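Visitor: Quick one: the structure is below, and I'll ask about it shortly.
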Amino acid sequence: MEGAAVVKSMGKWRAVQFAGVMLCVLIYAQRLSVPTDMLAPLHRRVGGGGDDHEEEKDGGAVGLDNQVGSPAAVFLGSPRVGVADGDDDVVGPVVVLDNQVGSPCSSMPAHSICCDRSDENADVCFMAGDVRTDAKSLSLLLFPPPPAPGATITVQEERIRPYTRKWENKTMATIHEVRLRAARPEDEAAGNRCDVQHGAPVHVVTGAGGYNGGNYFHAFNDGFLPSWLTVQHLRRRVVLGVLAYDPAWAARYAEVIAGLSDHPVVDLLADNRTHCFPGAIVGTRFHGYLAVDPARLRDNKTVVDFHAFLAAAYGSPSSSSSQGGGDGEPAETSHHRHHQRRRPRLGIVSRGGTRVIENEAAVARLAESVGFDIEILPATKATAPPLAVTHAAVSAMDALLGVHGSDLTSFLFLRPGRGAALVQVAPLGIADLARGVFGAPAKRMGLRYEQYDVRASESSLSRVYAPDDVVLADPERARLRQGSSGDDWDWDFIGRVYINDQNVSLDLARFAETLARVHSWLLEQQDIVSS
C-alpha cells in the first residue's frame, strides 16, 4: 500500500475497515518483531570484497498478522508496532518472530536477545537485529547499530541446546550448544563480515540430532511439529539452519522441510561462511506429544492446521476434504449415485522386528469378514516406501490399525474430523503410554480412537516369564523403579522388556468386537456425510 494515497482512494466503508485494522494492530501487536526493511536483501556489499559474497533474493513480504486472509496481513507502516517502548528509532513495518501467547519475549527492544526457558521440554531464544553466524565458535552474533561516542556497551550472552527433551540429560548432552551474544566492535574487524546475506530470519534446529534421525515419531514429535508451531506464522519466509544435517534425513523429509521454508537449508556445522540474517529463532516451542494448543498461539492454530500443512507439503489437498466414496470420488456423489454404502478402507501397519502382530494374516482376514477393505502398509525401514507414498495411501484410508510404535505417526495423514479412525494395539505394560502418545493426539485431531489393550496371554512375554511373574501379573508394579512409588517409571526396564522385547498375537474373538465398533461407526459417518 501507499499509505494516505491508498486510503484516499478507498470508499467510505473501506476507510472504516482500514481504520479498524489500524486500531487492532496498535492494541494487539505488541510482539517480538524485527523491522521488515531488514528483511529485504541489502544492496550494498557488506563483505570483504571477495567474489564469494552472495545475496539471497526474496520476493514478496512478511505480514504483521499470521492469519492467512486476515486484513491485517498487510504492511500498515505504524512506527511503533511490535516494538518495546522507547524504540523510537525503529520505523516502518515489522515482522513477528514470537508467536506464543504470554511469552516473556513477546515484546522486546530492537537489537536484543531474549530467551524463554519456562517450558520443561524446550528452550527457545529470539534475536532481533543484524544476526551473523560465527562457524568457529558455533555462535550467532547480534550486531547493534554503531554506539554513540562514550556509550557503554552491554555484553549479553545466552547458550542453548535446541531440542525438545531438555529434561533428558543424556540425550541433551549429544545436542550441539549454540552461543548467542551481542557482538563487540572488534568482532566485525575479526572477520565477521557477511559472505551470504539472507532476507529472512534464521530458525536454528537440531535436524537429524537426538532421536530425530532414525525415528519417524521423534522426527515429527521432537522436530517438525515443534518447528511448525514456532515458525508457521512466517509462511515459509524463514531459513532453516541445521546443526546435525544428514543427507538421508533431508531426503526422507524433503517435502516437510520445503513446506517449512522456501529457502535452501544452511548446514551450520559444515558451512564456514558468515551468514547474515535480519533475526533469529533458536530452538522450538513444544506443546506436548504431537500436540498443538491453540490457546498458546496468537493465531489459534490447531493440529488440524498441521494436517493441512502436511497435505499441502505432499501435494494432497483432498486428504482433508469430504469422506471419499471410492476412486477419489466424494462420498456425497457416490452415495446418491449408487444408493449404497461402501466398504470402509482399513490400513494395517505391518511392523518388523519388535511389537509384531504374529497372527497378522488372521487379523486381516478377520477385518475383511467384518466388512473392511484391507491394505497392508509396510513399516520396517527396509521396506517402507517414501513418505509421499505413505501419505497418499493413508490419506485415502478410513481407518489405520497398528501396534504402538513410531509408524502410527502416520495417523496425522488421516482425514481430521471427517469420519476416520485410529485403532492402536497397546502391548502389555504400556497401555497408558500408548494412550498418551497417540490416543490423545488422535482425539484432538477429531478422529475416532479405539485402543485394544493386550492381555498377558496375548503377549510373547508369556513364553518367557512364568504366569505369576510380576512382569505378566502386575505390569504397573514391574515398571516402577526399584524402591520408588507413584509414577517414577524405570524407562530402561520398560524399553528393554515391554517395548523392545515383545510381540503380540491377538485374541481374534475379542478383537472382532473392537473392529465391529469401528466399522459400525464408519458406516454411520458415511450416512451423515451423505444425508
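Just so we're on the same page: first chain in the C-alpha cells is A, next is B, and so on; residues restart at 1 for each chain, and ligands are numbered from 1 in the order they show up.
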Which of region 246-458 of chain A counts as strand (DSSP E or B) under DSSP, as a ChimeraX atom specification please?
Guide: /A:266-267,275-283,297,324,330,345-350,357,373-378,399-403,421-426,448-453
Visitor: Keeping only C-alpha atoms, write those residues as a short mmCIF file (atom, residue, chain, number, x, y, z; two decimals), in the first residue's frame.
Guide:
data_model
loop_
_atom_site.label_atom_id
_atom_site.label_comp_id
_atom_site.auth_asym_id
_atom_site.auth_seq_id
_atom_site.Cartn_x
_atom_site.Cartn_y
_atom_site.Cartn_z
CA VAL A 266 22.09 -23.96 5.83
CA ASP A 267 24.33 -26.67 7.30
CA HIS A 275 25.68 -15.94 7.00
CA CYS A 276 23.79 -12.80 7.91
CA PHE A 277 20.11 -12.63 8.85
CA PRO A 278 17.67 -9.94 9.99
CA GLY A 279 16.77 -12.01 13.06
CA ALA A 280 16.94 -15.47 14.57
CA ILE A 281 14.75 -18.05 16.28
CA VAL A 282 16.87 -20.67 18.01
CA GLY A 283 15.03 -23.75 19.25
CA LEU A 297 -0.74 -19.45 19.71
CA GLY A 324 -14.20 -40.40 -0.05
CA PRO A 330 -16.68 -37.56 -2.86
CA ARG A 345 -10.87 -48.94 3.92
CA LEU A 346 -8.56 -50.13 6.71
CA GLY A 347 -4.78 -49.82 6.57
CA ILE A 348 -2.85 -52.30 8.73
CA VAL A 349 0.66 -51.21 9.68
CA SER A 350 2.87 -54.26 9.28
CA ILE A 357 1.34 -58.87 15.21
CA ASP A 373 -11.31 -53.46 2.52
CA ILE A 374 -7.74 -54.11 3.65
CA GLU A 375 -4.39 -52.67 2.65
CA ILE A 376 -1.17 -53.79 4.33
CA LEU A 377 1.20 -50.87 4.91
CA PRO A 378 4.88 -51.84 5.28
CA ALA A 399 -9.02 -46.22 9.46
CA LEU A 400 -5.48 -47.07 10.47
CA LEU A 401 -4.60 -50.08 12.62
CA GLY A 402 -1.27 -50.90 14.21
CA VAL A 403 0.69 -51.82 17.31
CA ALA A 421 -10.42 -43.70 12.93
CA LEU A 422 -7.22 -44.87 14.58
CA VAL A 423 -7.07 -48.32 16.19
CA GLN A 424 -4.00 -48.76 18.36
CA VAL A 425 -2.95 -52.12 19.79
CA ALA A 426 -1.22 -51.45 23.12
CA ARG A 448 -12.43 -41.87 16.36
CA TYR A 449 -9.94 -43.60 18.67
CA GLU A 450 -10.04 -47.21 19.80
CA GLN A 451 -7.36 -48.85 21.90
CA TYR A 452 -7.01 -52.60 22.26
CA ASP A 453 -5.04 -53.44 25.40
#
Visitor: Identify, on the basis of only C-alpha atoms, every residue whose closest approach to Phe220 (chain A) does not exceed 9 Å; exclude the query and any residue fewer than 6 positions from it along the same chain; express the result as a PyMOL selection string.
Guide: chain A and resi 212+226+290+409
Visitor: For Ala364 (chain A), which of A:Leu506, A:Thr302, A:Gln100, A:Pro144 is the closest residue, counting only C-alpha atoms?
Guide: A:Leu506
Visitor: Would you mind listing what lies within 7 Å of region 119-124 of chain A as a list in words, with only C-alpha atoms counted and same-chain residues fewer than 6 positions away left out?
Guide: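 The contact residues come out as Pro162, Tyr163, Thr164, Arg165, Lys166, Trp167, Val282, Gly283, Thr284, Arg285 and Phe286 of chain A.
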Visitor: Looking at A:Phe126, A:Tyr216, A:Trp249, A:Phe306, which one is nearest to Val204 (chain A), with distances taken over only C-alpha atoms?
Guide: A:Phe126
Visitor: Separation of CA of Val265 (chain A) and CA of Leu97 (chain A), in Å?
Guide: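 One can read the CA of Val265 (chain A) to CA of Leu97 (chain A) distance as 18.8 Å.
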Visitor: Could you give me, as a list in words, the residues within 9 Å of Ser137 (chain A), counting only C-alpha atoms and dropping anything in the same chain fewer than 2 positions from it?
Guide: Asp134, Ala135, Ser139, Leu140, Val178 and Arg179 of chain A
Visitor: From the DSSP assignment of the backbone, select every residue of region 135-328 of chain A that is alpha helix (DSSP H), and format the answer as a PyMOL selection string.
Guide: chain A and resi 169-172+185-189+216-218+225-231+247-252+254-260+303-313
